[in-house]
$ cat final19.cif   # mmCIF, C-alpha atoms
data_upload
loop_
_atom_site.label_atom_id
_atom_site.label_comp_id
_atom_site.auth_asym_id
_atom_site.auth_seq_id
_atom_site.Cartn_x
_atom_site.Cartn_y
_atom_site.Cartn_z
CA MET A 1 -29.69 -12.63 13.43
CA LYS A 2 -26.04 -11.56 13.83
CA ARG A 3 -25.20 -14.98 15.27
CA ILE A 4 -26.91 -16.75 12.35
CA ALA A 5 -25.16 -14.49 9.82
CA TYR A 6 -21.81 -15.16 11.47
CA LEU A 7 -22.49 -18.91 11.44
CA LEU A 8 -23.41 -18.86 7.75
CA CYS A 9 -20.30 -16.83 6.96
CA PHE A 10 -18.17 -19.25 8.97
CA LEU A 11 -19.68 -22.32 7.29
CA SER A 12 -19.34 -20.80 3.81
CA LEU A 13 -15.73 -19.83 4.44
CA ASN A 14 -14.92 -23.25 5.85
CA LEU A 15 -16.52 -24.93 2.83
CA LEU A 16 -14.49 -22.74 0.49
CA CYS A 17 -11.33 -23.46 2.43
CA GLN A 18 -12.02 -27.21 2.32
CA LEU A 19 -12.50 -27.03 -1.44
CA ASN A 20 -9.32 -24.99 -1.78
CA ALA A 21 -7.31 -27.01 0.73
CA GLN A 22 -6.21 -29.64 -1.78
CA ALA A 23 -5.36 -27.08 -4.44
CA PRO A 24 -1.74 -25.92 -4.58
CA LEU A 25 -0.87 -22.30 -4.01
CA ARG A 26 0.25 -20.60 -7.18
CA VAL A 27 2.00 -17.22 -7.32
CA GLY A 28 3.01 -14.95 -10.17
CA ALA A 29 4.58 -11.51 -10.39
CA ALA A 30 5.19 -8.86 -13.05
CA VAL A 31 6.56 -5.33 -13.44
CA ARG A 32 5.89 -2.33 -15.66
CA VAL A 33 8.00 0.84 -15.88
CA ILE A 34 5.82 3.97 -15.68
CA THR A 35 8.48 6.68 -15.82
CA PRO A 36 7.01 9.51 -17.94
CA ASP A 37 8.98 10.60 -21.00
CA PRO A 38 9.26 13.54 -21.20
CA LEU A 39 9.31 14.12 -17.44
CA LEU A 40 6.22 15.50 -15.72
CA PRO A 41 5.87 17.83 -12.73
CA VAL A 42 6.07 16.04 -9.37
CA SER A 43 3.58 16.21 -6.51
CA GLY A 44 4.37 15.92 -2.82
CA GLY A 45 0.89 16.75 -1.57
CA VAL A 46 -1.85 19.33 -1.87
CA GLY A 47 -0.80 22.23 -4.07
CA VAL A 48 0.69 22.94 -7.48
CA PRO A 49 3.13 20.23 -8.69
CA LYS A 50 6.75 21.31 -9.22
CA ASP A 51 8.54 20.99 -12.58
CA ALA A 52 10.98 18.08 -12.78
CA LYS A 53 14.37 18.74 -14.39
CA GLU A 54 15.85 15.26 -14.01
CA LYS A 55 15.10 11.76 -12.78
CA LYS A 56 16.78 9.41 -10.34
CA GLY A 57 15.61 5.86 -10.78
CA ASP A 58 12.46 4.67 -12.55
CA LEU A 59 8.84 4.61 -11.43
CA TYR A 60 7.12 1.22 -11.47
CA VAL A 61 3.91 -0.74 -11.22
CA ARG A 62 4.62 -4.06 -9.45
CA ALA A 63 2.05 -6.84 -9.17
CA MET A 64 1.92 -10.09 -7.19
CA VAL A 65 -0.95 -12.54 -7.76
CA PHE A 66 -1.95 -15.38 -5.42
CA GLU A 67 -4.10 -18.25 -6.67
CA LYS A 68 -5.46 -21.20 -4.69
CA GLY A 69 -8.38 -23.16 -6.08
CA GLU A 70 -11.13 -20.67 -6.89
CA THR A 71 -9.52 -17.84 -4.91
CA ARG A 72 -7.41 -15.26 -6.71
CA ILE A 73 -5.93 -12.12 -5.15
CA ALA A 74 -3.76 -9.39 -6.68
CA ILE A 75 -1.56 -6.99 -4.72
CA VAL A 76 -0.21 -4.04 -6.68
CA ASN A 77 2.15 -1.26 -5.70
CA ILE A 78 2.55 1.90 -7.77
CA ASP A 79 5.24 4.54 -7.32
CA ASN A 80 3.13 7.61 -6.68
CA LEU A 81 1.97 9.86 -3.86
CA GLY A 82 -1.43 8.17 -3.95
CA TRP A 83 -3.65 6.29 -6.39
CA PRO A 84 -7.38 7.14 -6.20
CA SER A 85 -9.96 4.43 -6.83
CA ALA A 86 -11.19 6.53 -9.76
CA LEU A 87 -8.03 5.30 -11.51
CA GLY A 88 -7.79 1.92 -9.79
CA ASP A 89 -11.33 0.93 -10.77
CA ARG A 90 -10.55 1.57 -14.42
CA SER A 91 -7.64 -0.90 -14.19
CA ARG A 92 -9.80 -3.43 -12.37
CA ALA A 93 -12.25 -3.37 -15.27
CA LEU A 94 -9.41 -4.40 -17.62
CA ILE A 95 -8.20 -7.32 -15.50
CA LYS A 96 -9.58 -10.72 -16.42
CA GLY A 97 -9.95 -13.65 -14.04
CA ILE A 98 -9.68 -11.85 -10.70
CA PRO A 99 -12.72 -10.34 -8.93
CA ALA A 100 -12.42 -6.55 -8.81
CA GLU A 101 -12.84 -6.54 -5.03
CA ASN A 102 -9.82 -8.89 -4.74
CA ILE A 103 -7.44 -6.44 -6.44
CA LEU A 104 -5.60 -4.23 -3.95
CA ILE A 105 -3.77 -1.25 -5.43
CA GLY A 106 -1.50 0.66 -3.06
CA ALA A 107 0.71 3.71 -3.56
CA THR A 108 4.26 3.73 -2.21
CA HIS A 109 3.75 7.43 -1.39
CA THR A 110 6.87 8.75 -3.05
CA HIS A 111 6.79 12.55 -2.98
CA SER A 112 8.59 12.70 -6.32
CA GLY A 113 5.98 11.31 -8.74
CA PRO A 114 3.47 12.89 -11.15
CA ASP A 115 0.14 14.21 -9.86
CA ALA A 116 -2.39 11.35 -9.85
CA TYR A 117 -5.13 13.27 -8.01
CA ALA A 118 -5.46 16.07 -10.57
CA PHE A 119 -5.22 18.53 -7.68
CA PRO A 120 -7.27 21.63 -8.65
CA ASN A 121 -6.07 25.15 -7.88
CA GLU A 122 -8.43 27.88 -6.67
CA LYS A 123 -9.68 28.30 -10.25
CA GLY A 124 -10.30 24.57 -10.66
CA GLU A 125 -7.29 24.17 -12.98
CA THR A 126 -4.93 21.19 -12.77
CA ARG A 127 -1.45 20.27 -14.05
CA ALA A 128 -2.19 16.54 -14.16
CA ASP A 129 -1.35 14.79 -17.43
CA PHE A 130 -4.40 12.67 -18.29
CA LYS A 131 -2.73 10.83 -21.17
CA TYR A 132 -0.05 9.69 -18.72
CA LEU A 133 -2.66 8.61 -16.16
CA ASP A 134 -4.60 6.72 -18.86
CA TRP A 135 -1.39 4.93 -19.81
CA CYS A 136 -0.69 4.04 -16.15
CA VAL A 137 -4.20 2.60 -15.83
CA GLN A 138 -3.37 0.23 -18.68
CA GLN A 139 0.05 -0.63 -17.22
CA VAL A 140 -1.53 -1.64 -13.91
CA ALA A 141 -3.93 -3.96 -15.71
CA ASP A 142 -1.18 -5.37 -17.94
CA ALA A 143 1.06 -6.10 -14.95
CA VAL A 144 -1.70 -7.96 -13.09
CA ASN A 145 -2.79 -9.91 -16.18
CA GLU A 146 0.81 -10.94 -16.83
CA ALA A 147 1.36 -11.92 -13.19
CA LEU A 148 -1.77 -14.10 -13.33
CA SER A 149 -0.59 -15.77 -16.53
CA LYS A 150 2.76 -16.56 -14.88
CA CYS A 151 1.31 -18.15 -11.73
CA THR A 152 3.25 -21.25 -10.76
CA PRO A 153 3.17 -23.62 -7.74
CA ALA A 154 4.82 -21.91 -4.78
CA ALA A 155 5.48 -22.01 -1.06
CA LEU A 156 5.38 -18.94 1.16
CA LYS A 157 7.73 -17.57 3.77
CA VAL A 158 6.06 -14.96 6.01
CA ALA A 159 7.97 -13.19 8.76
CA GLU A 160 7.95 -10.16 11.04
CA GLY A 161 10.80 -8.45 12.85
CA GLU A 162 12.22 -5.10 13.82
CA ALA A 163 14.09 -3.35 11.03
CA LYS A 164 17.25 -2.05 12.68
CA GLY A 165 19.40 0.88 11.71
CA LYS A 166 18.88 4.49 10.64
CA ILE A 167 15.77 4.02 8.47
CA ALA A 168 12.76 5.91 9.89
CA PHE A 169 11.70 8.18 12.72
CA ASN A 170 8.67 10.28 13.65
CA TYR A 171 9.31 13.92 12.80
CA TYR A 172 6.73 15.01 15.41
CA ALA A 173 7.86 12.70 18.21
CA GLU A 174 10.99 10.72 17.42
CA GLN A 175 10.05 7.32 18.87
CA LEU A 176 6.35 7.26 17.88
CA TYR A 177 6.63 4.92 14.91
CA ASP A 178 6.39 1.20 14.23
CA PRO A 179 9.84 -0.36 13.61
CA ARG A 180 8.32 -3.71 12.65
CA CYS A 181 8.88 -4.90 9.10
CA ASN A 182 6.75 -7.66 7.58
CA VAL A 183 7.85 -9.75 4.63
CA ILE A 184 6.00 -12.17 2.35
CA GLN A 185 8.22 -14.16 0.02
CA ALA A 186 7.02 -16.68 -2.59
CA ILE A 187 9.35 -19.50 -3.66
CA GLY A 188 8.72 -21.82 -6.60
CA THR A 189 8.23 -25.51 -5.86
CA GLU A 190 8.15 -27.19 -9.28
CA GLY A 191 10.02 -27.43 -12.57
CA ALA A 192 12.21 -24.55 -13.70
CA ASN A 193 11.03 -22.44 -10.75
CA GLN A 194 12.03 -25.02 -8.12
CA ASP A 195 13.56 -23.18 -5.10
CA LYS A 196 13.63 -19.87 -6.98
CA VAL A 197 12.26 -16.70 -5.40
CA ILE A 198 9.24 -15.49 -7.38
CA ALA A 199 8.56 -12.31 -5.41
CA THR A 200 9.36 -10.60 -2.11
CA LEU A 201 6.85 -8.15 -0.63
CA VAL A 202 8.07 -5.71 2.04
CA ASN A 203 5.55 -3.97 4.33
CA TYR A 204 6.92 -1.08 6.38
CA ALA A 205 5.63 2.33 7.49
CA ILE A 206 7.68 5.24 6.14
CA HIS A 207 7.34 8.40 4.03
CA PRO A 208 9.54 7.95 0.92
CA GLU A 209 10.40 11.64 0.87
CA VAL A 210 14.18 11.71 1.15
CA ILE A 211 14.28 13.84 -1.99
CA GLY A 212 10.80 15.36 -1.74
CA SER A 213 8.96 17.44 -4.31
CA LYS A 214 10.97 20.66 -4.10
CA GLU A 215 14.22 19.43 -5.65
CA GLY A 216 12.93 19.16 -9.23
CA ILE A 217 13.70 15.43 -9.37
CA LEU A 218 11.30 12.69 -10.46
CA SER A 219 12.07 9.55 -8.45
CA PRO A 220 10.70 6.46 -6.67
CA ASP A 221 12.79 7.75 -3.76
CA LEU A 222 14.05 5.05 -1.36
CA CYS A 223 11.71 2.42 -2.88
CA GLY A 224 13.78 2.20 -6.08
CA PRO A 225 17.01 1.11 -4.38
CA LEU A 226 14.96 -1.27 -2.20
CA TYR A 227 13.61 -3.00 -5.32
CA ASP A 228 17.05 -3.14 -6.90
CA ARG A 229 18.74 -4.58 -3.81
CA ILE A 230 16.16 -7.31 -3.21
CA GLU A 231 16.08 -8.32 -6.86
CA ALA A 232 19.87 -8.42 -7.09
CA LYS A 233 20.04 -10.68 -4.03
CA THR A 234 17.06 -12.97 -4.68
CA GLY A 235 16.44 -12.94 -8.42
CA GLY A 236 12.70 -12.43 -7.88
CA ILE A 237 10.48 -9.36 -8.19
CA ALA A 238 10.30 -6.94 -5.23
CA LEU A 239 7.24 -5.04 -4.01
CA PHE A 240 6.80 -2.38 -1.32
CA MET A 241 3.51 -1.75 0.49
CA ASN A 242 3.49 1.15 2.91
CA GLY A 243 2.00 1.03 6.42
CA ALA A 244 0.58 3.40 9.05
CA GLN A 245 3.06 6.21 8.44
CA GLY A 246 0.92 9.28 9.09
CA GLY A 247 1.79 12.13 11.43
CA MET A 248 4.75 12.07 10.58
CA VAL A 249 6.77 8.88 10.11
CA THR A 250 9.45 9.75 7.61
CA ALA A 251 12.82 8.65 6.31
CA ASP A 252 15.67 9.23 8.75
CA ASN A 253 17.88 11.39 6.56
CA ARG A 254 18.92 13.63 9.46
CA LEU A 255 22.42 15.07 9.68
CA PRO A 256 24.38 15.59 12.92
CA ASP A 257 24.08 19.39 12.58
CA GLY A 258 20.25 19.22 12.68
CA GLY A 259 19.74 19.49 8.93
CA ASP A 260 18.94 16.72 6.47
CA THR A 261 20.27 15.37 3.19
CA ARG A 262 18.02 15.15 0.14
CA THR A 263 20.13 13.18 -2.30
CA TRP A 264 19.77 10.04 -4.39
CA GLU A 265 22.73 8.62 -2.49
CA GLU A 266 20.71 8.86 0.73
CA CYS A 267 17.78 7.12 -0.99
CA ILE A 268 20.21 4.32 -1.85
CA ARG A 269 21.49 4.09 1.72
CA ILE A 270 18.03 3.87 3.30
CA GLY A 271 16.46 1.71 0.58
CA GLU A 272 19.29 -0.81 0.61
CA LEU A 273 19.35 -0.93 4.41
CA LEU A 274 15.60 -1.62 4.57
CA ALA A 275 15.98 -4.26 1.85
CA ASP A 276 18.81 -5.97 3.74
CA GLU A 277 16.78 -5.92 6.95
CA ALA A 278 13.74 -7.37 5.20
CA LEU A 279 15.80 -10.21 3.75
CA ARG A 280 17.41 -10.84 7.14
CA ILE A 281 13.97 -11.03 8.77
CA VAL A 282 12.55 -13.48 6.23
CA ASP A 283 15.68 -15.59 5.89
CA GLY A 284 14.99 -17.89 8.85
CA ALA A 285 11.26 -18.30 8.23
CA ALA A 286 9.94 -21.75 7.33
CA ALA A 287 8.42 -22.15 3.88
CA VAL A 288 4.75 -23.19 4.03
CA SER A 289 3.64 -25.26 1.04
CA ASN A 290 -0.13 -25.13 1.48
CA PRO A 291 -1.07 -21.83 3.14
CA ALA A 292 -4.61 -20.56 3.61
CA LEU A 293 -5.79 -17.87 1.18
CA HIS A 294 -8.85 -15.67 1.63
CA CYS A 295 -9.98 -12.16 0.74
CA ALA A 296 -12.86 -10.20 2.26
CA ALA A 297 -14.02 -6.79 1.02
CA LYS A 298 -16.58 -4.20 2.10
CA ARG A 299 -17.58 -0.66 1.18
CA ILE A 300 -17.30 2.01 3.85
CA THR A 301 -18.26 5.68 3.77
CA PHE A 302 -16.56 8.69 5.37
CA PRO A 303 -18.05 12.16 5.86
CA ILE A 304 -16.11 14.97 4.15
CA GLU A 305 -15.80 17.59 6.89
CA SER A 306 -12.67 19.40 5.67
CA GLU A 307 -13.36 22.32 3.32
CA MET A 308 -10.00 21.76 1.63
CA MET A 309 -10.63 18.07 1.02
CA ARG A 310 -14.19 18.75 -0.14
CA PHE A 311 -12.88 21.26 -2.70
CA ILE A 312 -10.27 18.79 -3.99
CA ILE A 313 -12.71 15.87 -4.24
CA ASN A 314 -15.51 17.86 -5.82
CA ASN A 315 -13.31 19.77 -8.29
CA SER A 316 -10.87 17.08 -9.39
CA PRO A 317 -11.64 16.02 -12.99
CA LEU A 318 -11.12 12.39 -11.90
CA GLN A 319 -14.65 12.22 -10.46
CA MET A 320 -13.81 10.37 -7.27
CA ASN A 321 -16.28 8.04 -5.57
CA ALA A 322 -18.24 10.73 -3.74
CA PRO A 323 -21.96 9.86 -3.58
CA SER A 324 -22.62 13.43 -2.41
CA ASP A 325 -20.80 16.67 -1.58
CA THR A 326 -20.48 15.53 2.02
CA GLU A 327 -19.54 11.83 1.74
CA ILE A 328 -17.04 9.61 -0.01
CA SER A 329 -16.88 5.82 -0.17
CA THR A 330 -14.04 3.36 -0.54
CA GLN A 331 -13.19 -0.32 -0.31
CA LEU A 332 -11.70 -1.96 2.76
CA ASN A 333 -9.96 -5.33 2.38
CA LEU A 334 -9.02 -8.00 4.90
CA LEU A 335 -6.78 -10.77 3.59
CA GLN A 336 -5.49 -13.99 5.03
CA ILE A 337 -2.31 -15.31 3.47
CA GLY A 338 -1.03 -18.27 5.45
CA GLU A 339 -0.74 -17.22 9.09
CA ALA A 340 -0.70 -13.54 8.14
CA GLN A 341 -3.68 -11.19 8.21
CA ILE A 342 -3.61 -8.03 6.11
CA LEU A 343 -5.86 -4.98 6.48
CA SER A 344 -5.99 -2.20 3.90
CA ILE A 345 -6.14 1.45 4.96
CA PRO A 346 -7.36 4.10 2.45
CA GLY A 347 -4.91 6.79 3.54
CA GLU A 348 -2.19 7.71 6.01
CA ALA A 349 -3.19 6.41 9.42
CA LEU A 350 -1.28 7.71 12.42
CA PRO A 351 0.97 5.16 14.16
CA ASN A 352 -1.30 4.85 17.21
CA ILE A 353 -4.15 3.67 14.97
CA GLY A 354 -1.76 1.24 13.30
CA TYR A 355 -0.58 -0.23 16.58
CA TYR A 356 -4.15 -0.58 17.85
CA LEU A 357 -5.45 -2.31 14.73
CA LYS A 358 -2.50 -4.72 14.61
CA ARG A 359 -3.12 -5.60 18.25
CA LYS A 360 -6.75 -6.46 17.45
CA MET A 361 -6.02 -8.51 14.34
CA SER A 362 -5.95 -12.30 14.29
CA GLY A 363 -2.80 -13.30 12.44
CA LYS A 364 0.51 -14.56 13.68
CA GLN A 365 1.82 -11.71 11.55
CA ASN A 366 -0.43 -8.68 11.08
CA LEU A 367 0.16 -6.31 8.18
CA LEU A 368 -1.36 -2.94 7.32
CA PHE A 369 -1.38 -1.81 3.70
CA GLY A 370 -1.64 1.98 3.91
CA LEU A 371 -2.64 4.21 0.99
CA THR A 372 -4.36 1.19 -0.56
CA ASN A 373 -7.50 1.32 -2.75
CA ASP A 374 -7.59 5.08 -2.05
CA ALA A 375 -5.50 7.70 -0.28
CA PHE A 376 -7.72 10.21 1.51
CA GLY A 377 -5.04 12.14 3.36
CA TYR A 378 -4.28 11.66 7.03
CA ILE A 379 -6.39 9.49 9.31
CA LEU A 380 -6.52 10.61 12.95
CA THR A 381 -8.62 9.65 15.94
CA LYS A 382 -11.05 12.29 17.16
CA VAL A 383 -8.96 12.91 20.30
CA ASP A 384 -5.93 13.74 18.13
CA PHE A 385 -7.80 15.81 15.55
CA ASN A 386 -6.91 19.52 15.92
CA SER A 387 -5.59 18.79 19.40
CA PHE A 388 -1.99 19.97 19.03
CA LYS A 389 -0.33 22.68 17.00
CA ARG A 390 1.86 19.97 15.48
CA TYR A 391 -1.32 18.39 14.10
CA ASP A 392 -2.61 21.52 12.34
CA TYR A 393 -1.47 20.41 8.88
CA ILE A 394 -2.49 16.78 9.15
CA SER A 395 -5.88 17.80 10.53
CA ARG A 396 -6.46 20.16 7.59
CA THR A 397 -5.49 17.43 5.11
CA SER A 398 -7.76 14.83 6.71
CA LEU A 399 -11.35 14.16 5.68
CA GLY A 400 -12.42 15.09 9.20
CA GLU A 401 -12.62 14.33 12.89
CA MET A 402 -14.51 11.04 12.51
CA THR A 403 -12.33 9.41 9.82
CA GLY A 404 -10.18 7.46 12.25
CA GLU A 405 -13.15 6.45 14.40
CA ILE A 406 -15.07 5.10 11.41
CA LEU A 407 -12.01 3.24 10.07
CA ILE A 408 -11.36 1.58 13.44
CA GLU A 409 -15.03 0.64 13.95
CA GLU A 410 -15.43 -0.81 10.45
CA ALA A 411 -12.09 -2.63 10.60
CA LEU A 412 -12.89 -4.24 13.96
CA LYS A 413 -16.27 -5.39 12.65
CA MET A 414 -14.60 -6.88 9.61
CA ILE A 415 -12.01 -8.69 11.73
CA ALA A 416 -14.73 -10.06 14.02
CA ASP A 417 -16.94 -11.16 11.13
CA THR A 418 -14.16 -12.88 9.13
CA PRO A 419 -13.12 -16.20 10.70
CA PHE A 420 -9.38 -16.76 10.69
CA ILE A 421 -8.55 -20.19 9.27
CA ASN A 422 -5.70 -22.08 10.91
CA ASN A 423 -3.34 -23.73 8.45
#
$ encode --input "final19.cif" --output "structure tokens"
Amino acid sequence: MKRIAYLLCFLSLNLLCQLNAQAPLRVGAAVRVITPDPLLPVSGGVGVPKDAKEKKGDLYVRAMVFEKGETRIAIVNIDNLGWPSALGDRSRALIKGIPAENILIGATHTHSGPDAYAFPNEKGETRADFKYLDWCVQQVADAVNEALSKCTPAALKVAEGEAKGKIAFNYYAEQLYDPRCNVIQAIGTEGANQDKVIATLVNYAIHPEVIGSKEGILSPDLCGPLYDRIEAKTGGIALFMNGAQGGMVTADNRLPDGGDTRTWEECIRIGELLADEALRIVDGAAAVSNPALHCAAKRITFPIESEMMRFIINNSPLQMNAPSDTEISTQLNLLQIGEAQILSIPGEALPNIGYYLKRKMSGKQNLLFGLTNDAFGYILTKVDFNSFKRYDYISRTSLGEMTGEILIEEALKMIADTPFINN
């Protein structure tokens, strides 16, 4: 039966690809500013958000839509710690012309944005601003709808390379992080958009927490200067999708004396350096005029073993997708864009999980979109869970011991069951 199901899936996908093969790729992009006015308290994780006294840079929703024949896919980044599907699904319902399961919404994971989880305290109270969150839901939908309306014939440049320089490191073990940076750039091929960059998507694993949540500053952190640098150099819209940055891949803002610097100037240094490296990496890539485009989606369920996470999920007013007090479900996506394969991760996977999944994927370039569709804390393998004192915090803020095992098993099944189409 499995062989027959695989054959039917393969034949259906091939038929779809044949129908789409003659259709040109079309790409559109759009931006919305979501900086709250007046400023709201900022959240860097579980706990009470801290009051913000000033802002450095603006927060954004950034959308990139791909269209080829009957296939439409939206990739959205939002400047926030995380963006639960309870909010994302409300935006999906407002988006016309793109299947809900083909809309990927990922958080950049800035630690200087408003609380989007409605974290409850011990009394069940929250400091989240629901009018602001309602407004952001609409901005996400508006950005995607605009990007779809602006779709124009395009070619794609997709590239992977090591981002060099003082950008990231692993706070727990300095070298245990992925230095690879992936870039997807869309370039117009007709009319007024001929040879113009439409959008540049950067995929890299890092905690945007140069400033953090304790400084009283609302900020996109290093992502803001990254957007600005890429847009100044290319003229197109920039997006940032995070990767497997859990445990604890963070911005390298270390000082020679052992301390660190938590300034906007350091956000600019790191963001601009990563932007320059991304543009260097993609610069020599060949533009592909008729790339493959496919999106697969499936629902997966995780047990909620952590008492802390169970309390948050069950007491948040957002009513997250928990079918019971002991389980929560989410969407997993597997995309093919040209020779690249992209897997979504609903949280902060540790680098070893990221390396393993990339090694098992089928693309010439393999990308992981962390904190996408949901952000359920840290994702560890069972052998790492509660194994080291260093992992106490990330184990407590994980759904449980089996989260990583389930993610890996479901992702590998999805990769095996989704034929990769050669261009």
$ resolve_selection --input "final19.cif" --expression "the PyMOL selection byres ((chain A and resi 152-161) around 8)" --output "PDB file with C-alpha atoms, keeping the file's coordinate frame"
ATOM      1  CA  PRO A  24      -1.740 -25.920  -4.580  1.00  0.00           C
ATOM      2  CA  LEU A  25      -0.870 -22.300  -4.010  1.00  0.00           C
ATOM      3  CA  ARG A  26       0.250 -20.600  -7.180  1.00  0.00           C
ATOM      4  CA  VAL A  27       2.000 -17.220  -7.320  1.00  0.00           C
ATOM      5  CA  GLY A  28       3.010 -14.950 -10.170  1.00  0.00           C
ATOM      6  CA  LYS A 150       2.760 -16.560 -14.880  1.00  0.00           C
ATOM      7  CA  CYS A 151       1.310 -18.150 -11.730  1.00  0.00           C
ATOM      8  CA  GLU A 162      12.220  -5.100  13.820  1.00  0.00           C
ATOM      9  CA  ALA A 163      14.090  -3.350  11.030  1.00  0.00           C
ATOM     10  CA  ARG A 180       8.320  -3.710  12.650  1.00  0.00           C
ATOM     11  CA  CYS A 181       8.880  -4.900   9.100  1.00  0.00           C
ATOM     12  CA  ASN A 182       6.750  -7.660   7.580  1.00  0.00           C
ATOM     13  CA  VAL A 183       7.850  -9.750   4.630  1.00  0.00           C
ATOM     14  CA  ILE A 184       6.000 -12.170   2.350  1.00  0.00           C
ATOM     15  CA  GLN A 185       8.220 -14.160   0.020  1.00  0.00           C
ATOM     16  CA  ALA A 186       7.020 -16.680  -2.590  1.00  0.00           C
ATOM     17  CA  ILE A 187       9.350 -19.500  -3.660  1.00  0.00           C
ATOM     18  CA  GLY A 188       8.720 -21.820  -6.600  1.00  0.00           C
ATOM     19  CA  THR A 189       8.230 -25.510  -5.860  1.00  0.00           C
ATOM     20  CA  GLU A 190       8.150 -27.190  -9.280  1.00  0.00           C
ATOM     21  CA  ASN A 193      11.030 -22.440 -10.750  1.00  0.00           C
ATOM     22  CA  ILE A 281      13.970 -11.030   8.770  1.00  0.00           C
ATOM     23  CA  VAL A 282      12.550 -13.480   6.230  1.00  0.00           C
ATOM     24  CA  ALA A 285      11.260 -18.300   8.230  1.00  0.00           C
ATOM     25  CA  ALA A 286       9.940 -21.750   7.330  1.00  0.00           C
ATOM     26  CA  ALA A 287       8.420 -22.150   3.880  1.00  0.00           C
ATOM     27  CA  VAL A 288       4.750 -23.190   4.030  1.00  0.00           C
ATOM     28  CA  SER A 289       3.640 -25.260   1.040  1.00  0.00           C
ATOM     29  CA  ASN A 290      -0.130 -25.130   1.480  1.00  0.00           C
ATOM     30  CA  PRO A 291      -1.070 -21.830   3.140  1.00  0.00           C
ATOM     31  CA  GLY A 338      -1.030 -18.270   5.450  1.00  0.00           C
ATOM     32  CA  GLU A 339      -0.740 -17.220   9.090  1.00  0.00           C
ATOM     33  CA  ALA A 340      -0.700 -13.540   8.140  1.00  0.00           C
ATOM     34  CA  GLN A 365       1.820 -11.710  11.550  1.00  0.00           C
TER      35      GLN A 365
END
$ axis_aligned_box --input "final19.cif" --around "range 154-170 of chain A" --padding-each-side "6 Å" --output "AutoDock Vina command-line options"
--center_x 12.1 --center_y -5.9 --center_z 4.5 --size_x 26.6 --size_y 44.3 --size_z 30.6
$ closest_residue --input "final19.cif" --among "A:Ile421, A:Ala192, A:Val42, A:Leu368" --to "Phe119 in chain A" --atoms "only C-alpha atoms"
A:Val42
$ residues_around --input "final19.cif" --residues "Phe302 in chain A" --least-positions-apart "5" --cutoff "9 Å" --atoms "all atoms listed in the file" --output "CSV table (one decimal) with C-alpha atoms, keeping the file's coordinate frame"
chain,number,residue,atom,x,y,z
A,326,THR,CA,-20.5,15.5,2.0
A,327,GLU,CA,-19.5,11.8,1.7
A,328,ILE,CA,-17.0,9.6,0.0
A,329,SER,CA,-16.9,5.8,-0.2
A,330,THR,CA,-14.0,3.4,-0.5
A,399,LEU,CA,-11.4,14.2,5.7
A,400,GLY,CA,-12.4,15.1,9.2
A,402,MET,CA,-14.5,11.0,12.5
A,403,THR,CA,-12.3,9.4,9.8
A,406,ILE,CA,-15.1,5.1,11.4
A,407,LEU,CA,-12.0,3.2,10.1
$ atom_distance --input "final19.cif" --atom1 "CA of Asn253 in chain A" --atom2 "CA of Asp276 in chain A"
17.6 Å
$ resolve_selection --input "final19.cif" --expression "the PyMOL selection byres ((chain A and resi 315) around 10)" --output "JSON, numbers by chain"
{"A": [118, 119, 120, 121, 122, 123, 124, 125, 126, 309, 310, 311, 312, 313, 314, 316, 317, 318, 319, 320]}
$ resolve_selection --input "final19.cif" --expression "the PyMOL selection byres ((chain A and resi 367) around 12)" --output "JSON, numbers by chain"
{"A": [158, 159, 160, 161, 178, 180, 181, 182, 183, 184, 201, 202, 203, 204, 205, 241, 242, 243, 244, 333, 334, 335, 336, 337, 339, 340, 341, 342, 343, 344, 345, 354, 355, 357, 358, 359, 360, 361, 362, 363, 364, 365, 366, 368, 369, 370]}
$ atom_distance --input "final19.cif" --atom1 "CA of Val210 in chain A" --atom2 "CA of Arg262 in chain A"
5.3 Å
$ residues_near_point --input "final19.cif" --point "(17.0, 9.8, -7.4)" --cutoff "10 Å" --atoms "only C-alpha atoms" --output "list in words"
Glu54, Lys55, Lys56, Gly57, Asp58, Ser112, Val210, Ile211, Ile217, Leu218, Ser219, Pro220, Asp221, Leu222, Gly224, Pro225, Arg262, Thr263, Trp264, Glu265, Glu266, Cys267 and Ile268 of chain A
$ write_last_selection --input "final19.cif" --atoms "C-alpha atoms" --output "mmCIF file, in the frame of the given file"
data_model
loop_
_atom_site.group_PDB
_atom_site.id
_atom_site.type_symbol
_atom_site.label_atom_id
_atom_site.label_comp_id
_atom_site.auth_asym_id
_atom_site.auth_seq_id
_atom_site.Cartn_x
_atom_site.Cartn_y
_atom_site.Cartn_z
ATOM 1 C CA GLU A 54 15.850 15.260 -14.010
ATOM 2 C CA LYS A 55 15.100 11.760 -12.780
ATOM 3 C CA LYS A 56 16.780 9.410 -10.340
ATOM 4 C CA GLY A 57 15.610 5.860 -10.780
ATOM 5 C CA ASP A 58 12.460 4.670 -12.550
ATOM 6 C CA SER A 112 8.590 12.700 -6.320
ATOM 7 C CA VAL A 210 14.180 11.710 1.150
ATOM 8 C CA ILE A 211 14.280 13.840 -1.990
ATOM 9 C CA ILE A 217 13.700 15.430 -9.370
ATOM 10 C CA LEU A 218 11.300 12.690 -10.460
ATOM 11 C CA SER A 219 12.070 9.550 -8.450
ATOM 12 C CA PRO A 220 10.700 6.460 -6.670
ATOM 13 C CA ASP A 221 12.790 7.750 -3.760
ATOM 14 C CA LEU A 222 14.050 5.050 -1.360
ATOM 15 C CA GLY A 224 13.780 2.200 -6.080
ATOM 16 C CA PRO A 225 17.010 1.110 -4.380
ATOM 17 C CA ARG A 262 18.020 15.150 0.140
ATOM 18 C CA THR A 263 20.130 13.180 -2.300
ATOM 19 C CA TRP A 264 19.770 10.040 -4.390
ATOM 20 C CA GLU A 265 22.730 8.620 -2.490
ATOM 21 C CA GLU A 266 20.710 8.860 0.730
ATOM 22 C CA CYS A 267 17.780 7.120 -0.990
ATOM 23 C CA ILE A 268 20.210 4.320 -1.850
#
